[in-house]
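Enquirer: Below is the file run_12.cif, which contains mmCIF, C-alpha atoms and all ligand atoms.
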```
data_input
loop_
_atom_site.label_atom_id
_atom_site.label_comp_id
_atom_site.auth_asym_id
_atom_site.auth_seq_id
_atom_site.Cartn_x
_atom_site.Cartn_y
_atom_site.Cartn_z
CA MET A 176 -8.45 -29.37 -10.60
CA ASP A 177 -7.33 -25.96 -11.86
CA SER A 178 -4.18 -24.35 -10.48
CA VAL A 179 -5.25 -21.04 -8.93
CA LEU A 180 -3.43 -17.72 -8.66
CA TRP A 181 -4.66 -15.34 -5.99
CA ILE A 182 -3.56 -11.86 -6.97
CA ALA A 183 -3.62 -8.75 -4.80
CA HIS A 184 -1.82 -5.46 -4.32
CA THR A 185 -0.64 -3.55 -1.28
CA GLU A 186 -2.58 -0.51 -0.11
CA ALA A 187 -1.04 2.91 0.70
CA SER A 188 -0.48 1.60 4.24
CA GLY A 189 1.77 -1.14 2.81
CA GLU A 190 -0.71 -3.81 3.93
CA LEU A 191 -3.25 -5.98 2.15
CA GLY A 192 -6.80 -4.60 2.17
CA ARG A 193 -9.96 -6.35 3.31
CA SER A 194 -11.16 -7.20 -0.20
CA ALA A 195 -7.79 -8.86 -0.94
CA LEU A 196 -8.32 -11.12 2.08
CA GLU A 197 -11.88 -11.88 0.91
CA ALA A 198 -10.54 -12.89 -2.50
CA LEU A 199 -8.01 -15.14 -0.75
CA THR A 200 -10.85 -17.06 0.94
CA THR A 201 -12.44 -17.64 -2.48
CA ALA A 202 -9.13 -18.61 -4.09
CA LEU A 203 -8.42 -21.17 -1.37
CA ARG A 204 -11.86 -22.72 -1.85
CA LEU A 205 -11.32 -22.99 -5.62
CA ALA A 206 -7.83 -24.43 -5.18
CA GLY A 207 -9.34 -27.25 -3.12
CA PRO A 208 -7.43 -29.46 -0.75
CA SER A 209 -4.69 -30.34 -3.26
CA GLU A 210 -2.66 -27.20 -2.49
CA GLN A 211 -2.91 -25.77 -5.98
CA LEU A 212 -2.79 -22.18 -4.77
CA VAL A 213 -0.13 -19.69 -5.85
CA ALA A 214 -0.09 -16.26 -4.19
CA GLY A 215 0.94 -13.21 -6.22
CA VAL A 216 1.21 -9.76 -4.64
CA PHE A 217 2.41 -6.53 -6.26
CA GLY A 218 3.13 -3.04 -4.99
CA PRO A 219 5.71 -1.48 -2.69
CA GLY A 220 6.30 -3.53 0.42
CA ALA A 221 4.66 -6.60 -1.14
CA GLY A 222 7.49 -8.79 0.18
CA ARG A 223 6.62 -7.75 3.75
CA ALA A 224 2.83 -7.68 3.25
CA VAL A 225 2.69 -11.38 2.33
CA ALA A 226 3.58 -12.15 5.97
CA GLN A 227 -0.04 -11.12 6.77
CA VAL A 228 -1.26 -14.24 4.97
CA GLY A 229 1.91 -16.36 5.18
CA ARG A 230 0.05 -19.28 6.77
CA CYS A 231 -2.75 -19.50 4.20
CA GLY A 232 -1.30 -22.62 2.60
CA ALA A 233 -0.12 -21.26 -0.78
CA ARG A 234 2.56 -23.44 -2.31
CA ARG A 235 4.37 -20.61 -4.13
CA TRP A 236 4.77 -16.93 -3.29
CA LEU A 237 5.32 -14.50 -6.16
CA VAL A 238 6.08 -10.88 -5.44
CA ALA A 239 6.48 -7.84 -7.72
CA ASP A 240 7.65 -4.89 -5.65
CA ASP A 241 9.23 -2.62 -8.24
CA PRO A 242 9.20 0.94 -6.80
CA GLN A 243 7.40 2.06 -9.97
CA LEU A 244 4.34 0.15 -8.78
CA GLU A 245 3.79 2.58 -5.93
CA GLN A 246 1.26 4.70 -7.84
CA PRO A 247 -1.70 2.96 -9.51
CA ARG A 248 -1.08 3.44 -13.23
CA TYR A 249 -2.65 1.21 -15.85
CA ALA A 250 0.52 0.47 -17.85
CA ALA A 251 2.56 -0.48 -14.78
CA ASP A 252 -0.23 -2.48 -13.10
CA VAL A 253 -1.14 -4.44 -16.21
CA ALA A 254 2.54 -5.33 -16.71
CA ALA A 255 2.82 -6.51 -13.10
CA VAL A 256 -0.34 -8.63 -13.24
CA THR A 257 0.65 -10.16 -16.57
CA ALA A 258 4.12 -11.04 -15.25
CA LEU A 259 2.65 -12.67 -12.14
CA VAL A 260 0.10 -14.69 -14.14
CA ARG A 261 2.75 -15.92 -16.58
CA ALA A 262 5.16 -16.85 -13.76
CA SER A 263 2.41 -18.77 -11.95
CA GLU A 264 1.19 -20.69 -15.03
CA ALA A 265 -2.19 -20.72 -13.28
CA ARG A 266 -5.40 -21.60 -15.10
CA LEU A 267 -7.63 -19.61 -12.76
CA VAL A 268 -6.85 -16.10 -11.53
CA VAL A 269 -8.82 -14.74 -8.58
CA ALA A 270 -8.52 -11.04 -7.68
CA PRO A 271 -10.34 -8.51 -5.48
CA GLY A 272 -12.49 -5.92 -7.29
CA THR A 273 -10.48 -2.86 -6.18
CA SER A 274 -10.48 0.14 -8.52
CA ARG A 275 -6.84 -0.65 -9.34
CA LEU A 276 -7.55 -4.23 -10.43
CA HIS A 277 -10.82 -3.27 -12.15
CA ARG A 278 -8.66 -1.21 -14.50
CA ALA A 279 -5.70 -3.57 -14.89
CA LEU A 280 -7.10 -7.11 -14.81
CA PRO A 281 -9.07 -7.01 -18.11
CA GLY A 282 -5.94 -5.87 -19.96
CA ALA A 283 -3.87 -8.62 -18.36
CA ALA A 284 -6.51 -11.21 -19.32
CA GLN A 285 -6.26 -10.02 -22.91
CA ARG A 286 -2.44 -10.24 -22.91
CA CYS A 287 -2.56 -13.76 -21.46
CA GLY A 288 -5.15 -14.93 -23.99
CA GLY A 289 -7.68 -15.44 -21.18
CA ARG A 290 -11.31 -14.63 -20.49
CA ILE A 291 -12.51 -12.47 -17.64
CA ASP A 292 -15.66 -12.15 -15.54
CA THR A 293 -16.02 -9.06 -13.37
CA ARG A 294 -18.31 -8.30 -10.40
CA VAL A 295 -18.38 -11.95 -9.46
CA THR A 296 -20.46 -12.35 -6.29
CA GLY A 297 -19.62 -15.98 -5.51
CA ALA A 298 -17.49 -18.88 -6.73
CA ALA A 299 -17.47 -22.53 -5.76
CA LEU A 300 -16.29 -25.93 -6.91
CA ALA A 301 -19.20 -27.84 -8.48
CA ALA A 302 -19.24 -31.42 -9.75
CA ASP A 303 -18.20 -30.28 -13.23
CA GLY A 304 -15.62 -27.68 -12.17
CA VAL A 305 -15.64 -24.07 -11.08
CA GLN A 306 -18.98 -22.29 -11.05
CA ILE A 307 -19.36 -18.56 -10.49
CA GLU A 308 -22.30 -16.30 -9.66
CA ARG A 309 -22.99 -12.98 -11.39
CA TRP A 310 -25.97 -10.64 -11.50
CA PHE A 311 -27.47 -9.26 -14.70
CA TYR A 312 -30.09 -6.71 -15.78
CA ARG A 313 -29.17 -4.19 -13.09
CA GLN A 314 -28.89 -6.87 -10.42
CA ARG A 315 -32.35 -8.34 -11.00
CA LEU A 316 -31.31 -11.72 -12.42
CA VAL A 317 -28.71 -14.00 -10.92
CA ALA A 318 -26.80 -16.48 -13.09
CA ARG A 319 -24.46 -19.33 -12.22
CA LEU A 320 -22.03 -20.07 -14.98
CA SER A 321 -18.83 -21.85 -15.85
CA ARG A 322 -16.35 -21.55 -18.71
CA ALA A 323 -14.17 -24.05 -20.52
CA HIS A 324 -11.64 -21.41 -21.60
CA ARG A 325 -8.43 -21.01 -19.59
CA PRO A 326 -6.88 -18.94 -18.15
CA TRP A 327 -10.06 -17.62 -16.57
CA PHE A 328 -9.84 -14.37 -14.62
CA LEU A 329 -12.34 -13.65 -11.83
CA LEU A 330 -12.70 -10.17 -10.36
CA LEU A 331 -14.65 -10.52 -7.14
CA ALA A 332 -17.16 -7.99 -5.83
CA PRO A 333 -16.31 -6.69 -2.34
CA GLY A 334 -18.13 -8.65 0.36
CA ALA A 335 -18.48 -11.80 -1.76
CA ASP A 336 -16.66 -13.88 0.88
CA ALA A 337 -15.48 -13.56 4.47
CA PRO A 338 -11.94 -12.17 4.76
CA TRP A 339 -9.26 -14.82 5.38
CA SER A 340 -7.77 -14.60 8.83
CA GLY A 341 -4.90 -16.44 10.46
CA PRO A 342 -1.62 -15.86 12.22
CA ALA A 343 0.91 -13.59 10.50
CA GLU A 344 4.14 -15.31 9.54
CA PRO A 345 6.45 -14.73 6.57
CA PRO A 346 6.31 -17.52 3.97
CA ALA A 347 9.36 -19.79 3.78
CA ALA A 348 10.42 -18.62 0.31
CA ILE A 349 9.46 -15.73 -1.92
CA GLU A 350 10.09 -15.54 -5.69
CA ARG A 351 10.61 -12.01 -7.00
CA VAL A 352 9.06 -11.51 -10.42
CA PRO A 353 10.65 -8.80 -12.62
CA VAL A 354 8.23 -6.37 -14.23
CA GLU A 355 8.97 -4.36 -17.34
CA VAL A 356 7.28 -1.07 -16.57
CA ALA A 357 6.88 1.28 -19.51
CA SER A 358 4.54 3.99 -18.31
CA ARG A 359 4.80 7.62 -19.38
CA THR A 360 2.24 8.73 -16.78
CA ARG A 361 3.75 10.61 -13.85
CA VAL A 362 1.68 11.19 -10.73
CA VAL A 363 2.39 14.71 -9.53
CA GLY A 364 -0.10 14.80 -6.67
CA THR A 365 -3.58 13.96 -5.48
CA GLU A 366 -6.52 16.29 -5.03
CA ALA A 367 -9.19 14.75 -2.84
CA PRO A 368 -11.97 16.12 -0.66
CA ALA A 369 -11.39 16.15 3.08
CA SER A 370 -12.24 12.74 4.51
CA SER A 371 -15.03 14.38 6.55
CA ALA A 372 -16.67 15.55 3.28
CA GLN A 373 -16.51 12.05 1.83
CA THR A 374 -19.79 10.36 2.72
CA ILE A 375 -19.56 7.31 0.42
CA ARG A 376 -17.66 4.74 2.48
CA PRO A 377 -17.72 1.30 0.84
CA GLU A 378 -16.00 -0.31 3.85
CA ALA A 379 -18.53 1.00 6.40
CA ASP A 380 -20.55 -1.41 8.51
CA LEU A 381 -23.77 0.57 7.98
CA LEU A 382 -25.44 2.19 4.97
CA LEU A 383 -27.83 5.04 5.75
CA VAL A 384 -30.26 5.59 2.89
CA ALA A 385 -31.88 9.02 2.74
CA GLY A 386 -35.17 9.35 0.85
CA ALA A 387 -37.09 12.33 -0.48
CA GLY A 388 -39.18 12.48 2.71
CA TRP A 389 -36.36 14.47 4.33
CA THR A 390 -37.24 17.42 2.10
CA LYS A 391 -41.05 17.10 2.27
CA LYS A 392 -43.37 19.28 4.36
CA GLN A 393 -43.55 17.91 7.86
CA ALA A 394 -46.31 17.93 10.52
CA ASP A 395 -45.96 21.71 11.02
CA GLY A 396 -46.56 22.33 7.30
CA GLN A 397 -42.96 23.43 6.73
CA THR A 398 -39.90 21.79 5.17
CA HIS A 399 -36.81 21.35 7.36
CA VAL A 400 -34.03 20.70 4.88
CA ARG A 401 -31.18 22.36 6.81
CA GLU A 402 -32.20 20.47 9.95
CA ALA A 403 -32.27 17.23 7.97
CA GLU A 404 -28.81 18.00 6.63
CA ALA A 405 -27.39 18.63 10.12
CA LEU A 406 -28.99 15.47 11.55
CA ILE A 407 -27.69 13.24 8.76
CA LEU A 408 -24.17 14.70 8.79
CA ASP A 409 -23.99 14.40 12.57
CA PHE A 410 -25.11 10.77 12.37
CA LEU A 411 -22.56 9.98 9.65
CA ALA A 412 -19.74 11.65 11.59
CA LYS A 413 -20.62 9.69 14.73
CA THR A 414 -21.11 6.29 13.15
CA GLN A 415 -18.82 6.59 10.09
CA ALA A 416 -21.72 5.05 8.17
CA SER A 417 -21.88 5.38 4.39
CA LEU A 418 -24.59 7.50 2.80
CA GLY A 419 -26.91 6.35 0.02
CA SER A 420 -29.86 8.19 -1.46
CA SER A 421 -33.04 7.52 -3.40
CA LYS A 422 -33.24 8.83 -6.95
CA SER A 423 -36.04 11.22 -6.06
CA LEU A 424 -33.87 12.96 -3.52
CA VAL A 425 -30.80 13.42 -5.72
CA ASP A 426 -32.94 14.41 -8.71
CA GLN A 427 -34.53 17.26 -6.75
CA GLY A 428 -31.13 18.94 -6.51
CA SER A 429 -30.75 19.16 -10.27
CA GLU A 430 -34.28 20.67 -10.50
CA GLY A 431 -33.37 23.54 -8.15
CA THR A 432 -35.30 22.29 -5.10
CA PRO A 433 -33.40 22.75 -1.84
CA VAL A 434 -31.76 19.44 -1.13
CA LEU A 435 -29.01 18.03 1.05
CA SER A 436 -25.93 19.93 -0.13
CA PHE A 437 -23.56 16.95 0.15
CA LEU A 438 -25.57 14.65 -2.13
CA SER A 439 -24.61 13.78 -5.69
CA HIS A 440 -25.80 11.14 -8.15
CA LEU A 441 -22.96 8.96 -6.91
CA HIS A 442 -24.99 8.43 -3.74
CA GLN A 443 -27.98 6.99 -5.59
CA VAL A 444 -28.82 3.37 -4.85
CA GLY A 445 -31.20 1.23 -6.89
CA GLN A 446 -31.88 0.11 -10.40
CA THR A 447 -30.19 3.13 -11.96
CA GLY A 448 -27.86 3.62 -9.02
CA SER A 449 -25.49 1.37 -7.13
CA THR A 450 -26.08 -1.86 -5.22
CA PRO A 451 -23.80 -1.51 -2.21
CA ARG A 452 -22.74 -4.44 -0.03
CA HIS A 453 -22.70 -3.16 3.55
CA PRO A 454 -23.58 -5.64 6.29
CA ARG A 455 -26.39 -3.40 7.61
CA GLY A 456 -28.72 -0.78 6.16
CA LEU A 457 -31.09 1.84 7.56
CA ALA A 458 -33.53 3.49 5.14
CA THR A 459 -34.99 6.79 6.29
CA CYS A 460 -37.88 8.74 4.73
CA CYS A 461 -37.76 6.42 1.76
CA HIS A 462 -40.65 4.71 -0.01
CA GLY A 463 -39.34 3.69 -3.45
CA GLU A 464 -39.32 0.22 -4.93
CA GLU A 465 -35.89 0.53 -6.57
CA PRO A 466 -33.92 1.57 -3.48
CA HIS A 467 -35.55 -1.12 -1.36
CA VAL A 468 -35.65 -3.95 -3.88
CA VAL A 469 -32.58 -3.45 -6.05
CA GLY A 470 -30.44 -1.00 -4.06
CA TRP A 471 -30.60 -3.18 -0.96
CA ARG A 472 -30.21 -6.51 -2.63
CA PHE A 473 -26.88 -7.29 -0.99
CA ILE A 474 -27.47 -5.60 2.38
CA LYS A 475 -27.70 -8.36 4.95
CA GLU A 476 -29.69 -6.73 7.79
CA ARG A 477 -32.19 -4.06 6.75
CA ARG A 478 -34.23 -1.61 8.78
CA ALA A 479 -36.40 1.33 7.79
CA ILE A 480 -37.89 4.37 9.47
CA ASN A 481 -41.06 5.64 7.84
CA LEU A 482 -44.04 7.70 9.00
CA ASP A 483 -46.31 5.63 6.79
CA PRO A 484 -47.23 2.24 8.30
CA ASN A 485 -48.48 1.19 4.87
CA CYS A 486 -45.22 1.81 3.06
CA GLY A 487 -45.26 -1.44 1.12
CA TRP A 488 -41.64 -1.53 0.03
CA ALA A 489 -40.27 -0.83 3.48
CA GLN A 490 -42.62 -3.44 4.92
CA GLY A 491 -41.87 -6.01 2.27
CA LYS A 492 -38.11 -5.61 2.13
CA ALA A 493 -36.93 -4.49 5.58
CA ASP A 494 -36.40 -6.88 8.48
CA VAL A 495 -37.63 -4.21 10.90
CA VAL A 496 -39.76 -1.12 10.15
CA TYR A 497 -39.95 1.66 12.71
CA VAL A 498 -43.15 3.63 12.13
CA ALA A 499 -41.78 6.92 13.39
CA ASP A 500 -40.63 10.40 12.48
CA ALA A 501 -37.06 10.07 11.17
CA PHE A 502 -36.23 13.60 12.40
CA GLU A 503 -37.04 12.57 15.95
CA VAL A 504 -35.36 9.16 15.68
CA LEU A 505 -32.10 10.53 14.26
CA ALA A 506 -31.99 13.38 16.81
CA ARG A 507 -32.38 10.84 19.64
CA LEU A 508 -29.83 8.47 18.08
CA ASN A 509 -27.30 11.29 17.77
CA GLU A 510 -27.91 12.17 21.41
CA LEU A 511 -27.35 8.56 22.47
CA LEU A 512 -24.21 8.29 20.34
CA GLY A 513 -22.70 11.22 22.25
CA PRO A 514 -20.16 13.75 21.00
CA THR A 515 -18.34 13.06 17.74
CA GLY A 516 -15.17 11.14 18.65
C1 LIG A 601 -36.73 3.31 -14.81
C2 LIG A 601 -36.72 3.80 -13.38
C3 LIG A 601 -35.55 3.64 -12.65
C4 LIG A 601 -35.49 4.09 -11.34
N1 LIG A 601 -34.35 3.89 -10.64
C5 LIG A 601 -34.30 4.27 -9.35
C6 LIG A 601 -33.12 4.04 -8.57
O1 LIG A 601 -32.11 3.52 -9.05
N2 LIG A 601 -33.12 4.44 -7.28
C7 LIG A 601 -34.20 5.06 -6.70
O2 LIG A 601 -34.14 5.40 -5.52
N3 LIG A 601 -35.33 5.29 -7.42
C8 LIG A 601 -35.39 4.92 -8.72
N4 LIG A 601 -36.53 5.18 -9.43
C9 LIG A 601 -37.60 5.99 -8.78
C10 LIG A 601 -38.42 5.17 -7.81
O3 LIG A 601 -39.41 4.48 -8.53
C11 LIG A 601 -39.11 6.07 -6.77
O4 LIG A 601 -39.83 7.06 -7.41
C12 LIG A 601 -38.12 6.73 -5.79
O5 LIG A 601 -37.20 5.78 -5.31
C13 LIG A 601 -38.89 7.32 -4.62
O6 LIG A 601 -38.00 7.98 -3.78
P1 LIG A 601 -38.28 8.18 -2.25
O7 LIG A 601 -38.72 6.92 -1.65
O8 LIG A 601 -37.10 8.85 -1.65
O9 LIG A 601 -39.45 9.30 -2.22
P2 LIG A 601 -40.99 9.21 -1.93
O10 LIG A 601 -41.65 8.16 -2.74
O11 LIG A 601 -41.50 10.60 -2.06
O12 LIG A 601 -41.10 8.73 -0.42
C14 LIG A 601 -40.86 9.59 0.67
C15 LIG A 601 -41.17 8.81 1.93
O13 LIG A 601 -40.76 9.57 3.05
C16 LIG A 601 -41.64 9.30 4.12
N5 LIG A 601 -41.50 10.39 5.10
C17 LIG A 601 -41.77 11.73 4.94
N6 LIG A 601 -41.44 12.38 6.08
C18 LIG A 601 -40.99 11.47 6.95
C19 LIG A 601 -40.50 11.57 8.28
N7 LIG A 601 -40.44 12.73 8.93
N8 LIG A 601 -40.10 10.44 8.88
C20 LIG A 601 -40.15 9.23 8.25
N9 LIG A 601 -40.60 9.09 6.98
C21 LIG A 601 -41.02 10.21 6.34
C22 LIG A 601 -43.01 9.23 3.45
O14 LIG A 601 -43.90 8.49 4.26
C23 LIG A 601 -42.65 8.49 2.15
O15 LIG A 601 -42.81 7.10 2.33
C24 LIG A 601 -36.62 4.73 -10.75
C25 LIG A 601 -37.78 4.89 -11.50
C26 LIG A 601 -37.83 4.44 -12.79
C27 LIG A 601 -39.11 4.64 -13.57
#
```
Starting from the file, give its structure as structure tokens.

Expert:
Amino acid sequence: MDSVLWIAHTEASGELGRSALEALTTALRLAGPSEQLVAGVFGPGAGRAVAQVGRCGARRWLVADDPQLEQPRYAADVAAVTALVRASEARLVVAPGTSRLHRALPGAAQRCGGRIDTRVTGAALAADGVQIERWFYRQRLVARLSRAHRPWFLLLAPGADAPWSGPAEPPAAIERVPVEVASRTRVVGTEAPASSAQTIRPEADLLLVAGAGWTKKQADGQTHVREAEALILDFLAKTQASLGSSKSLVDQGSEGTPVLSFLSHLHQVGQTGSTPRHPRGLATCCHGEEPHVVGWRFIKERRAINLDPNCGWAQGKADVVYVADAFEVLARLNELLGPTG
């Protein structure tokens, strides 16, 4: 049985994020019943944050809470991860696929002479050792694979496992791991859009997919793009859902056709877009194969609203299809949801 290091970092709130807890569930499974798990947490307040998971059954607790780890910087993060891996002497390293660890973990794997697999969507103990699941060819082919090389680093995709939960209690003993931080990068501030303008929300419970139908001529022979924009934004504000889009819709913007002003190519789901992992999805005015087949691959419960009862992709890939006018449905939904809280 491989010794396993679960590695995570604190969030700005000083706590562990959801994907860190998901990775902990996977790490515990891979460590098996023989208590081979070591927990390693870095970032400010890491010593306090470990209390969140203090009862998970790890046999050692390693913490790197150098104040220089407050800002995510590659040089500092890679040094922290490398120090934790070396102190743990683990053969398997399991980490959540946060943007911070996506940057730092490959470098740490290189420094430790390891191998890394990223975007891992599942990991289990098989008869011949650890087996992981990854998708290839833009998420069309799934592979299950193992490696003989150690240490082996696994960066888990968000949603790959259920988050660990249990009573909060500080672990009996914590080992502080010194980190030699040599970063010349200074963070002087952050420029970010207002949170209300941010419509991509990876943690949201629901993904609303907007298709090109929103900009097409409707029953009255006219387009209603501004109305579509207001309905969608109102729905997103009320539900805090995340927004995805078909390629046709985002492409129209770059061709000068009036399109939803808050859309960018980052919203695109599908073969040449993203494959989000929200628990639920609602496709609206969308016909395409790629958004329904590839873009929705990891969405667990899928529904679609389409005027066309013969929309094959919605029929074939959604659990429920509402044959209805999405303008009317969203207006009614917004009414039922009440004022934006
Ligand atoms: C190599 C390649 C890669 C591609 N990659 C992607 C990708 O990653 N993602 C992607 O999305 N596409 C991708 N495409 C394009 C894809 O094949 C489709 O062309 C595209 O997804 C269609 O977008 P759509 O469904 O929004 O628009 P349309 O096909 O125009 O469908 C609009 C739908 O809206 C419905 N509608 C209209 N008005 C209403 C209303 N009032 N209420 C309800 N429904 C209404 C219509 O019935 C229709 O079904 C790719 C294509 C290729 C060739």

Enquirer: Please determine an axis-aligned box that encloses all atoms of segment 312-326 of chain A listed in the file, with 5 Å added on each side, and express its centre and edge lengths in Å to one decimal as JSON.

Expert:
```
{"center_x": -19.6, "center_y": -14.1, "center_z": -16.0, "size_x": 35.5, "size_y": 29.9, "size_z": 21.2}
```

Enquirer: Enumerate residues in contact with ligand LIG 601 (chain A): an atom-to-atom distance of at most 7 Å, counting only C-alpha atoms and all ligand atoms. Format the result as a PDB file with C-alpha atoms, keeping the file's coordinate frame.

Expert:
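And here is the file that came out, pocket_33.pdb:
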```pdb
ATOM      1  CA  ALA A 385     -31.880   9.020   2.740  1.00  0.00           C
ATOM      2  CA  GLY A 386     -35.170   9.350   0.850  1.00  0.00           C
ATOM      3  CA  ALA A 387     -37.090  12.330  -0.480  1.00  0.00           C
ATOM      4  CA  GLY A 388     -39.180  12.480   2.710  1.00  0.00           C
ATOM      5  CA  TRP A 389     -36.360  14.470   4.330  1.00  0.00           C
ATOM      6  CA  LYS A 391     -41.050  17.100   2.270  1.00  0.00           C
ATOM      7  CA  GLN A 393     -43.550  17.910   7.860  1.00  0.00           C
ATOM      8  CA  SER A 420     -29.860   8.190  -1.460  1.00  0.00           C
ATOM      9  CA  SER A 421     -33.040   7.520  -3.400  1.00  0.00           C
ATOM     10  CA  LYS A 422     -33.240   8.830  -6.950  1.00  0.00           C
ATOM     11  CA  SER A 423     -36.040  11.220  -6.060  1.00  0.00           C
ATOM     12  CA  LEU A 424     -33.870  12.960  -3.520  1.00  0.00           C
ATOM     13  CA  GLN A 443     -27.980   6.990  -5.590  1.00  0.00           C
ATOM     14  CA  VAL A 444     -28.820   3.370  -4.850  1.00  0.00           C
ATOM     15  CA  GLY A 445     -31.200   1.230  -6.890  1.00  0.00           C
ATOM     16  CA  GLN A 446     -31.880   0.110 -10.400  1.00  0.00           C
ATOM     17  CA  THR A 447     -30.190   3.130 -11.960  1.00  0.00           C
ATOM     18  CA  GLY A 448     -27.860   3.620  -9.020  1.00  0.00           C
ATOM     19  CA  THR A 459     -34.990   6.790   6.290  1.00  0.00           C
ATOM     20  CA  CYS A 460     -37.880   8.740   4.730  1.00  0.00           C
ATOM     21  CA  CYS A 461     -37.760   6.420   1.760  1.00  0.00           C
ATOM     22  CA  HIS A 462     -40.650   4.710  -0.010  1.00  0.00           C
ATOM     23  CA  GLY A 463     -39.340   3.690  -3.450  1.00  0.00           C
ATOM     24  CA  GLU A 464     -39.320   0.220  -4.930  1.00  0.00           C
ATOM     25  CA  GLU A 465     -35.890   0.530  -6.570  1.00  0.00           C
ATOM     26  CA  PRO A 466     -33.920   1.570  -3.480  1.00  0.00           C
ATOM     27  CA  GLY A 470     -30.440  -1.000  -4.060  1.00  0.00           C
ATOM     28  CA  ILE A 480     -37.890   4.370   9.470  1.00  0.00           C
ATOM     29  CA  ASN A 481     -41.060   5.640   7.840  1.00  0.00           C
ATOM     30  CA  LEU A 482     -44.040   7.700   9.000  1.00  0.00           C
ATOM     31  CA  ASP A 483     -46.310   5.630   6.790  1.00  0.00           C
ATOM     32  CA  CYS A 486     -45.220   1.810   3.060  1.00  0.00           C
ATOM     33  CA  ALA A 499     -41.780   6.920  13.390  1.00  0.00           C
ATOM     34  CA  ASP A 500     -40.630  10.400  12.480  1.00  0.00           C
ATOM     35  CA  ALA A 501     -37.060  10.070  11.170  1.00  0.00           C
ATOM     36  CA  PHE A 502     -36.230  13.600  12.400  1.00  0.00           C
TER      37      PHE A 502
END
```

Enquirer: In the coordinate frame of the file, compute which residues have an atom within 6 Å of (-23.0, -17.9, -13.2) when using only C-alpha atoms, and state them as a ChimeraX atom specification.

Expert: /A:307-309,318-320

Enquirer: Quick one: residues within 12 Å of Arg248 of chain A, all atoms listed in the file, excluding same-chain residues fewer than 5 positions away - as a ChimeraX atom specification?

Expert: /A:218,243,253-255,274-279,356-362

Enquirer: Could you please take those selected residues and save C-alpha atoms as a PDB file, keeping the file's coordinate frame?

Expert:
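For reference, part25.pdb as written:
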```
ATOM      1  CA  GLY A 218       3.130  -3.040  -4.990  1.00  0.00           C
ATOM      2  CA  GLN A 243       7.400   2.060  -9.970  1.00  0.00           C
ATOM      3  CA  VAL A 253      -1.140  -4.440 -16.210  1.00  0.00           C
ATOM      4  CA  ALA A 254       2.540  -5.330 -16.710  1.00  0.00           C
ATOM      5  CA  ALA A 255       2.820  -6.510 -13.100  1.00  0.00           C
ATOM      6  CA  SER A 274     -10.480   0.140  -8.520  1.00  0.00           C
ATOM      7  CA  ARG A 275      -6.840  -0.650  -9.340  1.00  0.00           C
ATOM      8  CA  LEU A 276      -7.550  -4.230 -10.430  1.00  0.00           C
ATOM      9  CA  HIS A 277     -10.820  -3.270 -12.150  1.00  0.00           C
ATOM     10  CA  ARG A 278      -8.660  -1.210 -14.500  1.00  0.00           C
ATOM     11  CA  ALA A 279      -5.700  -3.570 -14.890  1.00  0.00           C
ATOM     12  CA  VAL A 356       7.280  -1.070 -16.570  1.00  0.00           C
ATOM     13  CA  ALA A 357       6.880   1.280 -19.510  1.00  0.00           C
ATOM     14  CA  SER A 358       4.540   3.990 -18.310  1.00  0.00           C
ATOM     15  CA  ARG A 359       4.800   7.620 -19.380  1.00  0.00           C
ATOM     16  CA  THR A 360       2.240   8.730 -16.780  1.00  0.00           C
ATOM     17  CA  ARG A 361       3.750  10.610 -13.850  1.00  0.00           C
ATOM     18  CA  VAL A 362       1.680  11.190 -10.730  1.00  0.00           C
TER      19      VAL A 362
END
```

Enquirer: Choose the residue, out of A:Ala458, A:Ala367, A:Leu508, A:Ala233, that has the smallest atom-to-atom separation from Leu212 of chain A; count all atoms listed in the file.

Expert: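 Ranked by minimum distance to Leu212 of chain A, first place goes to A:Ala233.
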
Enquirer: Within 8 Å of Gln227 of chain A, counting all atoms listed in the file, which residues show up once you throw out same-chain ones fewer than 4 positions away? Write them as a PyMOL selection string, please.

Expert: chain A and resi 190-191+342-345

Enquirer: Measure the distance from atom CA of Ala270 of chain A to atom CA of Pro377 of chain A in Å and round it to one decimal.

Expert: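 Going from atom CA of Ala270 of chain A over to atom CA of Pro377 of chain A covers 17.6 Å.
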
Enquirer: Between atom CA of Ser321 of chain A and atom CA of Val238 of chain A, what distance in Å does the model show, to one decimal?

Expert: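 Value for the atom CA of Ser321 of chain A-atom CA of Val238 of chain A distance: 29.1 Å.
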
Enquirer: Near Val213 of chain A, counting only C-alpha atoms, which residues have an atom at most 7 Å away, once you skip same-chain residues fewer than 5 positions from it, shown as a compact mmCIF listing (two decimals) with C-alpha atoms, in the coordinates of the input?

Expert:
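Full text of part11.txt as output:
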```
# COMPACT_ATOMS: atom_id res chain seq x y z
CA VAL A 179 -5.25 -21.04 -8.93
CA LEU A 180 -3.43 -17.72 -8.66
CA TRP A 181 -4.66 -15.34 -5.99
CA ALA A 233 -0.12 -21.26 -0.78
CA ARG A 234 2.56 -23.44 -2.31
CA ARG A 235 4.37 -20.61 -4.13
CA TRP A 236 4.77 -16.93 -3.29
CA SER A 263 2.41 -18.77 -11.95
```

Enquirer: Smallest atom-to-atom distance to Val260 of chain A: which of A:Gln314, A:Thr398, A:Gln285, A:Gln490, using all atoms listed in the file?

Expert: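 Of A:Gln314, A:Thr398, A:Gln285, A:Gln490, the one nearest Val260 of chain A is A:Gln285, counting all atoms listed in the file.
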
Enquirer: Looking at A:Arg452, A:Val225, A:Leu512, A:Asp177, which one is nearest to Asp303 of chain A, with distances taken over all atoms listed in the file?

Expert: A:Asp177

Enquirer: Can you tell me how far atom CA of Leu331 of chain A sits from atom CA of Leu199 of chain A, in Å to one decimal?

Expert: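 Rounded to one decimal, the two atoms are 10.3 Å apart.
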